[in-house]
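> Just so it is clear, I am handing over run_15.cif, which has mmCIF, C-alpha atoms.
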data_protein
#
loop_
_atom_site.group_PDB
_atom_site.id
_atom_site.type_symbol
_atom_site.label_atom_id
_atom_site.label_comp_id
_atom_site.auth_asym_id
_atom_site.auth_seq_id
_atom_site.Cartn_x
_atom_site.Cartn_y
_atom_site.Cartn_z
ATOM 1 C CA MET Z 708 -5.388 -34.061 -0.631
ATOM 2 C CA THR Z 709 -4.552 -31.448 -3.267
ATOM 3 C CA TYR Z 710 -6.794 -28.392 -3.486
ATOM 4 C CA SER Z 711 -7.265 -26.491 -6.736
ATOM 5 C CA VAL Z 712 -6.819 -22.725 -6.487
ATOM 6 C CA VAL Z 713 -7.404 -19.641 -8.605
ATOM 7 C CA LEU Z 714 -5.404 -16.707 -7.286
ATOM 8 C CA MET Z 715 -6.510 -13.155 -8.021
ATOM 9 C CA GLY Z 716 -4.018 -10.402 -7.278
ATOM 10 C CA THR Z 717 -2.008 -7.612 -8.847
ATOM 11 C CA PRO Z 718 0.823 -5.932 -6.864
ATOM 12 C CA SER Z 719 3.957 -7.348 -5.290
ATOM 13 C CA PHE Z 720 1.989 -7.914 -2.064
ATOM 14 C CA ALA Z 721 0.371 -10.957 -3.708
ATOM 15 C CA VAL Z 722 3.573 -12.492 -5.124
ATOM 16 C CA PRO Z 723 4.784 -14.347 -1.982
ATOM 17 C CA ILE Z 724 1.280 -15.756 -1.580
ATOM 18 C CA LEU Z 725 1.254 -17.031 -5.157
ATOM 19 C CA GLU Z 726 4.745 -18.496 -4.875
ATOM 20 C CA ALA Z 727 3.927 -20.233 -1.588
ATOM 21 C CA LEU Z 728 0.864 -21.877 -3.118
ATOM 22 C CA LEU Z 729 2.912 -22.984 -6.118
ATOM 23 C CA GLU Z 730 5.619 -24.476 -3.909
ATOM 24 C CA ASN Z 731 3.169 -26.339 -1.655
ATOM 25 C CA SER Z 732 2.163 -29.761 -2.962
ATOM 26 C CA ASN Z 733 -1.220 -29.435 -1.245
ATOM 27 C CA TYR Z 734 -2.302 -26.793 -3.771
ATOM 28 C CA ASP Z 735 -2.665 -26.759 -7.536
ATOM 29 C CA VAL Z 736 -2.841 -23.205 -8.931
ATOM 30 C CA LYS Z 737 -5.015 -23.529 -12.023
ATOM 31 C CA ALA Z 738 -4.901 -19.874 -13.080
ATOM 32 C CA VAL Z 739 -3.987 -16.366 -11.989
ATOM 33 C CA VAL Z 740 -6.272 -13.399 -12.570
ATOM 34 C CA THR Z 741 -4.606 -9.992 -12.529
ATOM 35 C CA GLN Z 742 -5.090 -6.482 -13.863
ATOM 36 C CA PRO Z 743 -4.210 -5.762 -17.512
ATOM 37 C CA ASP Z 744 -0.727 -4.480 -18.350
ATOM 38 C CA ARG Z 745 -0.554 -0.741 -17.631
ATOM 39 C CA PRO Z 746 1.643 2.033 -19.084
ATOM 40 C CA GLN Z 747 4.422 3.061 -16.728
ATOM 41 C CA GLY Z 748 7.329 5.480 -16.717
ATOM 42 C CA ARG Z 749 8.007 8.481 -18.893
ATOM 43 C CA LYS Z 750 7.761 6.384 -22.043
ATOM 44 C CA HIS Z 751 4.447 4.865 -20.908
ATOM 45 C CA THR Z 752 5.715 1.369 -21.592
ATOM 46 C CA LEU Z 753 3.073 -1.323 -21.124
ATOM 47 C CA THR Z 754 4.170 -3.183 -18.003
ATOM 48 C CA PRO Z 755 2.784 -6.443 -16.572
ATOM 49 C CA SER Z 756 1.786 -6.660 -12.920
ATOM 50 C CA PRO Z 757 4.209 -8.335 -10.493
ATOM 51 C CA VAL Z 758 1.735 -11.197 -10.131
ATOM 52 C CA LYS Z 759 1.650 -11.771 -13.889
ATOM 53 C CA VAL Z 760 5.448 -11.861 -14.024
ATOM 54 C CA ALA Z 761 5.573 -14.419 -11.211
ATOM 55 C CA ALA Z 762 2.827 -16.544 -12.765
ATOM 56 C CA GLN Z 763 4.486 -16.619 -16.171
ATOM 57 C CA ALA Z 764 7.768 -17.661 -14.575
ATOM 58 C CA HIS Z 765 5.942 -20.789 -13.378
ATOM 59 C CA ASP Z 766 3.925 -21.315 -16.591
ATOM 60 C CA VAL Z 767 0.633 -20.619 -14.827
ATOM 61 C CA PRO Z 768 -2.185 -19.437 -17.130
ATOM 62 C CA VAL Z 769 -2.839 -15.697 -16.711
ATOM 63 C CA LEU Z 770 -6.217 -14.007 -17.209
ATOM 64 C CA GLN Z 771 -6.346 -10.201 -17.454
ATOM 65 C CA PRO Z 772 -9.874 -8.817 -17.721
ATOM 66 C CA GLU Z 773 -10.289 -5.048 -17.742
ATOM 67 C CA LYS Z 774 -13.407 -5.712 -15.693
ATOM 68 C CA ILE Z 775 -14.014 -9.155 -14.246
ATOM 69 C CA SER Z 776 -17.801 -8.945 -13.963
ATOM 70 C CA GLY Z 777 -19.460 -10.565 -16.957
ATOM 71 C CA SER Z 778 -16.168 -11.118 -18.760
ATOM 72 C CA PRO Z 779 -15.059 -14.248 -20.645
ATOM 73 C CA GLU Z 780 -12.300 -14.545 -18.049
ATOM 74 C CA MET Z 781 -14.883 -14.738 -15.284
ATOM 75 C CA GLN Z 782 -16.562 -17.618 -17.094
ATOM 76 C CA GLN Z 783 -13.183 -19.336 -17.393
ATOM 77 C CA VAL Z 784 -12.769 -19.207 -13.621
ATOM 78 C CA ILE Z 785 -16.304 -20.499 -13.124
ATOM 79 C CA ASP Z 786 -15.557 -23.355 -15.515
ATOM 80 C CA ILE Z 787 -12.423 -24.240 -13.544
ATOM 81 C CA ASN Z 788 -14.667 -24.597 -10.466
ATOM 82 C CA PRO Z 789 -11.698 -24.422 -8.073
ATOM 83 C CA ASP Z 790 -11.745 -25.506 -4.467
ATOM 84 C CA PHE Z 791 -10.510 -22.057 -3.423
ATOM 85 C CA ILE Z 792 -10.570 -18.599 -4.940
ATOM 86 C CA VAL Z 793 -7.909 -16.577 -3.148
ATOM 87 C CA THR Z 794 -7.636 -12.825 -3.644
ATOM 88 C CA ALA Z 795 -4.806 -10.571 -2.511
ATOM 89 C CA ALA Z 796 -5.019 -6.914 -3.542
ATOM 90 C CA PHE Z 797 -6.746 -7.766 -6.811
ATOM 91 C CA GLY Z 798 -8.332 -4.341 -7.159
ATOM 92 C CA GLN Z 799 -11.855 -5.189 -8.384
ATOM 93 C CA PHE Z 800 -15.184 -6.267 -6.899
ATOM 94 C CA LEU Z 801 -16.064 -9.906 -7.522
ATOM 95 C CA PRO Z 802 -19.660 -10.802 -8.466
ATOM 96 C CA THR Z 803 -21.530 -13.290 -6.305
ATOM 97 C CA LYS Z 804 -21.732 -15.687 -9.255
ATOM 98 C CA LEU Z 805 -17.933 -15.810 -9.318
ATOM 99 C CA LEU Z 806 -17.570 -16.187 -5.555
ATOM 100 C CA ASP Z 807 -20.012 -19.080 -5.645
ATOM 101 C CA ALA Z 808 -17.783 -20.893 -8.150
ATOM 102 C CA ALA Z 809 -15.392 -21.866 -5.353
ATOM 103 C CA LYS Z 810 -16.292 -25.348 -4.120
ATOM 104 C CA ILE Z 811 -14.914 -24.719 -0.618
ATOM 105 C CA ALA Z 812 -14.495 -20.960 -0.185
ATOM 106 C CA ALA Z 813 -13.564 -17.628 -1.714
ATOM 107 C CA VAL Z 814 -11.257 -15.837 0.706
ATOM 108 C CA ASN Z 815 -9.404 -12.547 0.725
ATOM 109 C CA THR Z 816 -5.998 -11.747 2.205
ATOM 110 C CA HIS Z 817 -6.477 -8.127 3.295
ATOM 111 C CA ALA Z 818 -3.680 -5.933 4.647
ATOM 112 C CA SER Z 819 -5.417 -4.551 7.726
ATOM 113 C CA LEU Z 820 -6.956 -5.642 11.000
ATOM 114 C CA LEU Z 821 -10.566 -5.628 9.877
ATOM 115 C CA PRO Z 822 -12.987 -3.964 10.335
ATOM 116 C CA LYS Z 823 -10.376 -1.184 10.342
ATOM 117 C CA TYR Z 824 -9.348 0.139 6.927
ATOM 118 C CA ARG Z 825 -11.627 -1.537 4.470
ATOM 119 C CA GLY Z 826 -10.692 -0.502 0.935
ATOM 120 C CA GLY Z 827 -7.805 -0.226 -1.458
ATOM 121 C CA ALA Z 828 -5.112 1.574 0.579
ATOM 122 C CA PRO Z 829 -5.120 0.143 4.123
ATOM 123 C CA VAL Z 830 -1.348 0.270 4.596
ATOM 124 C CA HIS Z 831 -1.141 3.897 3.516
ATOM 125 C CA TYR Z 832 -3.789 5.047 5.982
ATOM 126 C CA ALA Z 833 -2.404 3.028 8.878
ATOM 127 C CA ILE Z 834 0.958 4.792 8.575
ATOM 128 C CA MET Z 835 -0.506 8.233 7.812
ATOM 129 C CA ASN Z 836 -2.689 7.990 10.911
ATOM 130 C CA GLY Z 837 0.298 7.170 13.096
ATOM 131 C CA ASP Z 838 -0.861 3.650 14.003
ATOM 132 C CA LYS Z 839 1.645 1.579 15.948
ATOM 133 C CA GLU Z 840 0.523 -1.678 14.329
ATOM 134 C CA THR Z 841 -1.477 -3.079 11.483
ATOM 135 C CA GLY Z 842 -1.792 -6.615 10.182
ATOM 136 C CA VAL Z 843 -3.448 -9.052 7.821
ATOM 137 C CA SER Z 844 -6.965 -10.476 7.915
ATOM 138 C CA ILE Z 845 -8.134 -13.615 6.146
ATOM 139 C CA MET Z 846 -11.848 -13.250 5.496
ATOM 140 C CA TYR Z 847 -14.647 -14.812 3.532
ATOM 141 C CA MET Z 848 -15.462 -12.781 0.454
ATOM 142 C CA VAL Z 849 -18.884 -11.228 0.022
ATOM 143 C CA LYS Z 850 -20.151 -8.740 -2.537
ATOM 144 C CA LYS Z 851 -19.758 -5.808 -0.112
ATOM 145 C CA MET Z 852 -16.205 -4.439 0.048
ATOM 146 C CA ASP Z 853 -14.063 -6.193 2.680
ATOM 147 C CA ALA Z 854 -17.152 -6.927 4.776
ATOM 148 C CA GLY Z 855 -17.023 -10.717 5.057
ATOM 149 C CA ASP Z 856 -16.587 -12.670 8.276
ATOM 150 C CA VAL Z 857 -12.982 -12.688 9.486
ATOM 151 C CA ILE Z 858 -11.445 -16.155 9.744
ATOM 152 C CA ASP Z 859 -8.076 -15.225 11.244
ATOM 153 C CA THR Z 860 -5.738 -12.257 11.732
ATOM 154 C CA ILE Z 861 -2.100 -11.544 12.461
ATOM 155 C CA LYS Z 862 -0.695 -8.295 13.878
ATOM 156 C CA VAL Z 863 2.440 -6.622 12.514
ATOM 157 C CA PRO Z 864 4.139 -3.644 14.252
ATOM 158 C CA ILE Z 865 4.758 -0.396 12.371
ATOM 159 C CA THR Z 866 8.155 1.049 13.314
ATOM 160 C CA SER Z 867 9.180 4.709 13.154
ATOM 161 C CA THR Z 868 11.130 4.048 9.948
ATOM 162 C CA ASP Z 869 8.573 1.957 8.074
ATOM 163 C CA ASN Z 870 6.982 3.253 4.902
ATOM 164 C CA VAL Z 871 4.418 1.732 2.564
ATOM 165 C CA GLY Z 872 7.117 -0.225 0.751
ATOM 166 C CA THR Z 873 8.636 -1.841 3.828
ATOM 167 C CA MET Z 874 5.219 -2.564 5.334
ATOM 168 C CA PHE Z 875 3.988 -4.183 2.124
ATOM 169 C CA ASP Z 876 6.996 -6.487 2.276
ATOM 170 C CA LYS Z 877 6.336 -7.398 5.916
ATOM 171 C CA LEU Z 878 2.597 -7.823 5.431
ATOM 172 C CA SER Z 879 2.940 -9.941 2.301
ATOM 173 C CA ILE Z 880 5.071 -12.451 4.222
ATOM 174 C CA ALA Z 881 2.715 -12.356 7.209
ATOM 175 C CA GLY Z 882 -0.258 -12.797 4.878
ATOM 176 C CA ARG Z 883 1.404 -15.702 3.099
ATOM 177 C CA ASP Z 884 2.072 -17.552 6.341
ATOM 178 C CA LEU Z 885 -1.386 -16.828 7.733
ATOM 179 C CA LEU Z 886 -3.102 -18.002 4.556
ATOM 180 C CA LEU Z 887 -1.167 -21.283 4.466
ATOM 181 C CA LYS Z 888 -2.115 -21.877 8.097
ATOM 182 C CA THR Z 889 -5.759 -20.975 7.499
ATOM 183 C CA LEU Z 890 -6.682 -22.738 4.243
ATOM 184 C CA PRO Z 891 -6.490 -26.288 5.705
ATOM 185 C CA LYS Z 892 -8.681 -25.209 8.611
ATOM 186 C CA ILE Z 893 -11.255 -23.779 6.204
ATOM 187 C CA ALA Z 894 -11.233 -27.025 4.216
ATOM 188 C CA THR Z 895 -11.920 -29.109 7.336
ATOM 189 C CA GLY Z 896 -14.321 -26.625 8.931
ATOM 190 C CA ASN Z 897 -12.003 -26.159 11.916
ATOM 191 C CA ILE Z 898 -12.650 -22.403 12.147
ATOM 192 C CA ASP Z 899 -14.733 -19.920 14.100
ATOM 193 C CA PRO Z 900 -15.281 -16.881 11.866
ATOM 194 C CA VAL Z 901 -15.967 -13.514 13.482
ATOM 195 C CA VAL Z 902 -18.644 -11.174 12.150
ATOM 196 C CA GLN Z 903 -17.229 -7.680 11.661
ATOM 197 C CA ASN Z 904 -18.545 -5.016 14.022
ATOM 198 C CA GLU Z 905 -20.049 -2.377 11.727
ATOM 199 C CA GLU Z 906 -19.668 0.268 14.437
ATOM 200 C CA GLU Z 907 -15.879 -0.132 14.260
ATOM 201 C CA VAL Z 908 -15.575 0.083 10.473
ATOM 202 C CA SER Z 909 -13.207 2.605 8.915
ATOM 203 C CA PHE Z 910 -12.279 3.022 5.270
ATOM 204 C CA SER Z 911 -9.087 3.474 3.256
ATOM 205 C CA PRO Z 912 -10.092 4.586 -0.250
ATOM 206 C CA ASN Z 913 -7.527 4.787 -3.024
ATOM 207 C CA ILE Z 914 -5.161 7.740 -2.646
ATOM 208 C CA PRO Z 915 -6.422 10.895 -4.412
ATOM 209 C CA HIS Z 916 -3.847 13.216 -5.957
ATOM 210 C CA ASP Z 917 -4.515 16.069 -3.547
ATOM 211 C CA MET Z 918 -3.622 13.839 -0.590
ATOM 212 C CA GLN Z 919 -0.012 13.898 -1.807
ATOM 213 C CA ASN Z 920 0.221 17.636 -1.104
ATOM 214 C CA LEU Z 921 2.080 18.445 2.132
ATOM 215 C CA ASN Z 922 1.095 21.473 4.185
ATOM 216 C CA PHE Z 923 3.729 22.696 6.640
ATOM 217 C CA ALA Z 924 1.232 25.186 8.122
ATOM 218 C CA THR Z 925 -1.281 22.589 9.281
ATOM 219 C CA GLU Z 926 0.887 19.502 9.792
ATOM 220 C CA THR Z 927 3.326 19.135 12.668
ATOM 221 C CA ALA Z 928 6.747 17.589 12.128
ATOM 222 C CA GLN Z 929 5.432 14.224 13.312
ATOM 223 C CA GLU Z 930 2.366 14.454 11.068
ATOM 224 C CA LEU Z 931 4.562 15.328 8.082
ATOM 225 C CA ASP Z 932 6.672 12.269 8.830
ATOM 226 C CA TRP Z 933 3.588 10.024 8.995
ATOM 227 C CA HIS Z 934 2.187 11.615 5.843
ATOM 228 C CA ILE Z 935 5.405 11.108 3.858
ATOM 229 C CA ARG Z 936 6.041 7.536 5.016
ATOM 230 C CA GLY Z 937 2.378 6.692 4.466
ATOM 231 C CA LEU Z 938 2.667 7.523 0.778
ATOM 232 C CA TYR Z 939 6.195 6.461 -0.129
ATOM 233 C CA PRO Z 940 7.102 4.978 -2.544
ATOM 234 C CA THR Z 941 3.761 4.454 -4.300
ATOM 235 C CA HIS Z 942 2.441 8.050 -4.141
ATOM 236 C CA PRO Z 943 5.327 10.331 -3.069
ATOM 237 C CA ALA Z 944 4.269 13.431 -1.153
ATOM 238 C CA PHE Z 945 5.256 16.822 -2.521
ATOM 239 C CA VAL Z 946 5.450 20.516 -1.693
ATOM 240 C CA GLN Z 947 6.015 23.660 -3.745
ATOM 241 C CA VAL Z 948 9.583 24.865 -3.261
ATOM 242 C CA LEU Z 949 10.727 28.072 -4.984
ATOM 243 C CA ASP Z 950 8.002 27.678 -7.648
ATOM 244 C CA GLN Z 951 8.873 24.021 -8.289
ATOM 245 C CA ARG Z 952 7.163 20.863 -7.134
ATOM 246 C CA VAL Z 953 9.534 18.846 -4.980
ATOM 247 C CA LYS Z 954 8.775 15.336 -3.760
ATOM 248 C CA ILE Z 955 9.781 14.799 -0.125
ATOM 249 C CA THR Z 956 10.660 11.171 0.482
ATOM 250 C CA ASP Z 957 12.257 11.045 3.940
ATOM 251 C CA VAL Z 958 12.242 13.364 6.961
ATOM 252 C CA THR Z 959 12.950 13.259 10.684
ATOM 253 C CA PRO Z 960 10.610 14.976 13.157
ATOM 254 C CA LEU Z 961 12.745 16.805 15.717
ATOM 255 C CA SER Z 962 12.103 17.552 19.372
ATOM 256 C CA GLU Z 963 13.240 21.173 19.092
ATOM 257 C CA LEU Z 964 10.774 24.039 18.691
ATOM 258 C CA THR Z 965 10.890 27.306 16.755
ATOM 259 C CA THR Z 966 9.083 30.644 16.521
ATOM 260 C CA GLN Z 967 9.654 30.808 12.764
ATOM 261 C CA GLU Z 968 6.657 30.671 10.444
ATOM 262 C CA PRO Z 969 5.840 27.259 8.964
ATOM 263 C CA GLY Z 970 7.796 26.525 5.798
ATOM 264 C CA THR Z 971 10.732 28.704 6.856
ATOM 265 C CA ILE Z 972 14.303 27.425 6.974
ATOM 266 C CA VAL Z 973 15.354 27.159 10.630
ATOM 267 C CA GLU Z 974 18.833 25.739 10.147
ATOM 268 C CA LYS Z 975 21.055 24.952 7.173
ATOM 269 C CA SER Z 976 24.477 23.381 6.761
ATOM 270 C CA LYS Z 977 26.196 21.475 3.958
ATOM 271 C CA LYS Z 978 24.438 18.278 4.970
ATOM 272 C CA GLN Z 979 21.383 19.422 6.903
ATOM 273 C CA LEU Z 980 18.179 21.338 6.286
ATOM 274 C CA LYS Z 981 15.645 22.018 9.050
ATOM 275 C CA VAL Z 982 12.291 23.587 8.275
ATOM 276 C CA ALA Z 983 9.556 24.988 10.537
ATOM 277 C CA SER Z 984 6.237 23.188 10.558
ATOM 278 C CA ALA Z 985 2.898 23.563 12.374
ATOM 279 C CA ASN Z 986 2.672 24.390 16.092
ATOM 280 C CA GLY Z 987 6.294 25.509 16.278
ATOM 281 C CA THR Z 988 7.674 22.069 15.436
ATOM 282 C CA VAL Z 989 10.742 21.473 13.286
ATOM 283 C CA VAL Z 990 11.280 18.812 10.642
ATOM 284 C CA GLN Z 991 14.607 17.745 9.180
ATOM 285 C CA ILE Z 992 14.565 17.031 5.439
ATOM 286 C CA ASN Z 993 16.645 13.937 4.644
ATOM 287 C CA ARG Z 994 15.784 12.993 1.061
ATOM 288 C CA LEU Z 995 13.862 14.644 -1.760
ATOM 289 C CA GLN Z 996 13.327 14.636 -5.505
ATOM 290 C CA PRO Z 997 13.231 17.962 -7.360
ATOM 291 C CA ALA Z 998 11.155 18.146 -10.541
ATOM 292 C CA GLY Z 999 12.901 16.396 -13.418
ATOM 293 C CA LYS Z 1000 15.621 14.958 -11.169
ATOM 294 C CA SER Z 1001 16.314 11.660 -9.454
ATOM 295 C CA GLU Z 1002 15.722 11.180 -5.753
ATOM 296 C CA MET Z 1003 18.699 12.452 -3.767
ATOM 297 C CA ALA Z 1004 20.095 12.950 -0.292
ATOM 298 C CA ILE Z 1005 19.663 16.438 1.145
ATOM 299 C CA SER Z 1006 23.439 16.981 0.940
ATOM 300 C CA ALA Z 1007 23.322 16.600 -2.862
ATOM 301 C CA TYR Z 1008 20.415 19.043 -3.076
ATOM 302 C CA LEU Z 1009 22.176 21.603 -0.877
ATOM 303 C CA ASN Z 1010 25.262 21.300 -3.051
ATOM 304 C CA GLY Z 1011 23.189 22.014 -6.154
ATOM 305 C CA ALA Z 1012 19.782 23.646 -6.490
ATOM 306 C CA GLY Z 1013 19.652 24.490 -2.789
ATOM 307 C CA LYS Z 1014 23.148 25.936 -2.406
ATOM 308 C CA ASP Z 1015 21.909 29.540 -2.117
ATOM 309 C CA LEU Z 1016 19.210 28.861 0.467
ATOM 310 C CA GLU Z 1017 19.447 30.895 3.659
ATOM 311 C CA VAL Z 1018 18.153 30.606 7.205
ATOM 312 C CA GLY Z 1019 14.947 32.611 7.578
ATOM 313 C CA GLN Z 1020 14.000 32.087 3.939
ATOM 314 C CA LYS Z 1021 10.527 30.735 3.148
ATOM 315 C CA TRP Z 1022 11.319 27.331 1.596
ATOM 316 C CA ALA Z 1023 7.996 25.469 1.430
ATOM 317 C CA THR Z 1024 5.061 27.310 -0.117
ATOM 318 C CA ILE Z 1025 2.076 27.063 2.224
ATOM 319 C CA ASN Z 1026 -1.370 26.254 0.881
ATOM 320 C CA GLU Z 1027 -3.990 28.585 2.247
#
Give the structure from this file in C-alpha cells form.


Amino acid sequence: MTYSVVLMGTPSFAVPILEALLENSNYDVKAVVTQPDRPQGRKHTLTPSPVKVAAQAHDVPVLQPEKISGSPEMQQVIDINPDFIVTAAFGQFLPTKLLDAAKIAAVNTHASLLPKYRGGAPVHYAIMNGDKETGVSIMYMVKKMDAGDVIDTIKVPITSTDNVGTMFDKLSIAGRDLLLKTLPKIATGNIDPVVQNEEEVSFSPNIPHDMQNLNFATETAQELDWHIRGLYPTHPAFVQVLDQRVKITDVTPLSELTTQEPGTIVEKSKKQLKVASANGTVVQINRLQPAGKSEMAISAYLNGAGKDLEVGQKWATINE
C-alpha cells in the first residue's frame, strides 16, 4: 500500500527525512510545507530553506505560509487529506484542524529524548548542558508544544568534539531511519505510545542573542567548551577582545590550573593561546573569527591581529 504524505520542515535536519520518503515506493509526498524564503548574508539575499531546495529538485509542490494557521496553504493541506502529516523542525504550531486532516496520524520527528528539551533548540541545549547523549523522538502531534505521546525513540551519543552542526547531521539520519521504521507500525496500529511524564519536562527555547555571550569569569574551561559547541555553527558564541567582538568557534578545555584572573593570557606561542577561565581553569583557543574577518585558526590570528599579545595581558573582557 502507498501512503500519501505532507512533510512540514525547514532546516537541513528535515532533508534526509524528505528524501527517504521520496525514495520509498510506500510513500507519495503530495506537498512540502516550509518557512518562507529569508534574507541571509551581508547582502540579505532571499534564500530558500534547505527543505524547499530538496523538494524543488524532486518537483514536489512547495507551500510557504508566513503563518500556517488560517492560511490558504493550510486549507490546501486539509484538501489533500493525506494519510500522514510528518513534521521535522518546521518551526510553527499546527492548529488542531490541520492535525485532524491526517487520515492516519500527524507525527513529529523531534531531536531530543522527550520529555527532555521540548522546544525549538533541543540540540543546542543538550550540548550546552554537557549531556553525554541525546536522540530523536517520534511522537503524535497535539496542539501543545512537543507534548504528544511518544511512539518511539532512538539514542545518539554526543562526543567531546560534536557541535550543533555535527549533531544535526547525526540526528537527521537517526530520525530518518526511526521514522521509516515507525510509520508502518502506526499505520497498522502495532505501537504502544508512551504518555510523557510532565514532572520530567524541560524546555529548549530558541536561542536569545545574549546567550551567545561568553563569560570567562563565571564559566569554567569545560563550560566554555560546552557553550561554544552548543551554539556552533548556527549561533556562534562571542567575547569582547581588545574592544572588538570576536566569535570563538573551537576551544579545548585543559587539565592545568592557573592563579591568573579569568580572561588573562596564561600562555602564548606562535600557534597556541591559553586563557584563564573560572575557578582557575585554563582554556585553549583553537579557532576564532574577529569582527569583519573570516573564521581562522589561532595561528593565523596570532600572526596578525594577535601578534602583540603578551602573557599576563587581559584578553577577554569580563561581563560584570

> Go through Z:Arg825, Z:Val857, Z:Ala795, Z:Ser879 and flag the residue nearest Z:Val902, using only C-alpha atoms for the distances.

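Residue with the minimum atom-to-atom distance to Z:Val902: Z:Val857.
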
> Evaluate the PyMOL selection byres ((chain Z and resi 900) around 10) here and jot the selected residues down as a list in words.

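Evaluating the PyMOL selection byres ((chain Z and resi 900) around 10) on these coordinates yields Ile845, Met846, Tyr847, Gly855, Asp856, Val857, Ile858, Asp859, Ile893, Asn897, Ile898, Asp899, Val901, Val902 and Gln903 of chain Z.
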
> Tell me which residues the PyMOL selection byres ((chain Z and resi 944) around 10) grabs here, as a short mmCIF file (atom, residue, chain, number, x, y, z; two decimals) with C-alpha atoms, in the frame of the given file.


data_model
loop_
_atom_site.label_atom_id
_atom_site.label_comp_id
_atom_site.auth_asym_id
_atom_site.auth_seq_id
_atom_site.Cartn_x
_atom_site.Cartn_y
_atom_site.Cartn_z
CA HIS Z 916 -3.85 13.22 -5.96
CA ASP Z 917 -4.51 16.07 -3.55
CA MET Z 918 -3.62 13.84 -0.59
CA GLN Z 919 -0.01 13.90 -1.81
CA ASN Z 920 0.22 17.64 -1.10
CA LEU Z 921 2.08 18.44 2.13
CA LEU Z 931 4.56 15.33 8.08
CA HIS Z 934 2.19 11.62 5.84
CA ILE Z 935 5.40 11.11 3.86
CA ARG Z 936 6.04 7.54 5.02
CA GLY Z 937 2.38 6.69 4.47
CA LEU Z 938 2.67 7.52 0.78
CA TYR Z 939 6.20 6.46 -0.13
CA PRO Z 940 7.10 4.98 -2.54
CA THR Z 941 3.76 4.45 -4.30
CA HIS Z 942 2.44 8.05 -4.14
CA PRO Z 943 5.33 10.33 -3.07
CA PHE Z 945 5.26 16.82 -2.52
CA VAL Z 946 5.45 20.52 -1.69
CA ARG Z 952 7.16 20.86 -7.13
CA VAL Z 953 9.53 18.85 -4.98
CA LYS Z 954 8.78 15.34 -3.76
CA ILE Z 955 9.78 14.80 -0.12
CA THR Z 956 10.66 11.17 0.48
CA ASP Z 957 12.26 11.04 3.94
CA LEU Z 995 13.86 14.64 -1.76
#

> Have a look at Z:Gln996, Z:Ser976, Z:Thr752, Z:Gln783 and name the one nearest to Z:Val1018; count all atoms listed in the file.

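For Z:Val1018, the nearest of the candidates is Z:Ser976.
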
> Considering only C-alpha atoms, state which residue in the set Z:Leu806, Z:Met835, Z:Leu887, Z:Val830 is at the smallest distance from Z:Tyr734.

Z:Leu887

> For the file shown, report as a PyMOL selection string the outcome of the PyMOL selection byres ((chain Z and resi 910) around 9) at residue level.

chain Z and resi 822-829+832+908-909+911-912

> Write out as a list in words the residues lying within 9 Å of Z:Phe875, counting only C-alpha atoms and excluding same-chain residues fewer than 2 positions away.

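In the requested format, the answer is Ser719, Phe720, Ala818, Val830, Asn870, Val871, Gly872, Thr873, Lys877, Leu878, Ser879 and Ile880 of chain Z.
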
> Record the distance separating atom CA of Z:Ile792 and atom CA of Z:Tyr710, expressed in Å with one decimal.

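Computed distance, atom CA of Z:Ile792 to atom CA of Z:Tyr710, equals 10.6 Å.
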
> Can you work out the spacing between atom CA of Z:Phe800 and atom CA of Z:Lys850 in Å, to one decimal?

7.1 Å

> Just how far from atom CA of Z:Phe923 is atom CA of Z:Ala1023, in Å to one decimal?

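These atoms are spaced 7.3 Å apart.
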
> Counting all atoms listed in the file, which of Z:Asp807, Z:Gln742, Z:Met708, Z:Lys851 gets nearest to Z:Thr895?

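Going through Z:Asp807, Z:Gln742, Z:Met708, Z:Lys851 one by one, the smallest distance to Z:Thr895 is for Z:Met708.
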
> For a quick check of understanding, using only C-alpha atoms, which of Z:Ala854, Z:Ala1012, Z:Val739, Z:Ala1007 has the smallest distance to Z:Glu780?

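Distance minimum relative to Z:Glu780 lands on Z:Val739.
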
> Choose the residue, out of Z:Val948, Z:Leu728, Z:Leu820, Z:Leu753, that has the smallest atom-to-atom separation from Z:Thr860; count only C-alpha atoms.

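Smallest separation from Z:Thr860 among the options: Z:Leu820.
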
> Could you write out as lines of an AutoDock Vina configuration file the box around stretch 878-892 of chain Z (axis-aligned, all atoms listed in the file, 8 Å on each side), with centre and edge lengths in Å to one decimal?


center_x = -1.8
center_y = -17.1
center_z = 5.5
size_x = 29.8
size_y = 34.5
size_z = 22.3

> Write out as a PyMOL selection string which residues come within 10 Å of Z:Thr927 when counting all atoms listed in the file, dropping same-chain ones fewer than 6 positions away.

chain Z and resi 933+960+969+983-990

> Z:Ile861: which residues within 9 Å, counting all atoms listed in the file, same-chain residues fewer than 3 positions away excluded, as a count of residues only?

9

> Could stretch 890-896 of chain Z be completed with N, CA and C atoms and returned as a JSON list (two decimals), in the coordinates of the input?


[["chain", "number", "residue", "atom", "x", "y", "z"],
["Z", 890, "LEU", "N", -5.96, -22.00, 5.28],
["Z", 890, "LEU", "CA", -6.68, -22.74, 4.24],
["Z", 890, "LEU", "C", -7.03, -24.17, 4.66],
["Z", 891, "PRO", "N", -6.11, -24.93, 5.28],
["Z", 891, "PRO", "CA", -6.49, -26.29, 5.70],
["Z", 891, "PRO", "C", -7.61, -26.29, 6.74],
["Z", 892, "LYS", "N", -7.62, -25.29, 7.60],
["Z", 892, "LYS", "CA", -8.68, -25.21, 8.61],
["Z", 892, "LYS", "C", -10.03, -24.92, 7.96],
["Z", 893, "ILE", "N", -10.01, -24.07, 6.93],
["Z", 893, "ILE", "CA", -11.26, -23.78, 6.20],
["Z", 893, "ILE", "C", -11.77, -25.05, 5.54],
["Z", 894, "ALA", "N", -10.85, -25.81, 4.94],
["Z", 894, "ALA", "CA", -11.23, -27.02, 4.22],
["Z", 894, "ALA", "C", -11.87, -28.06, 5.14],
["Z", 895, "THR", "N", -11.40, -28.12, 6.39],
["Z", 895, "THR", "CA", -11.92, -29.11, 7.34],
["Z", 895, "THR", "C", -13.02, -28.55, 8.24],
["Z", 896, "GLY", "N", -13.29, -27.25, 8.09],
["Z", 896, "GLY", "CA", -14.32, -26.62, 8.93],
["Z", 896, "GLY", "C", -13.87, -26.34, 10.34]]
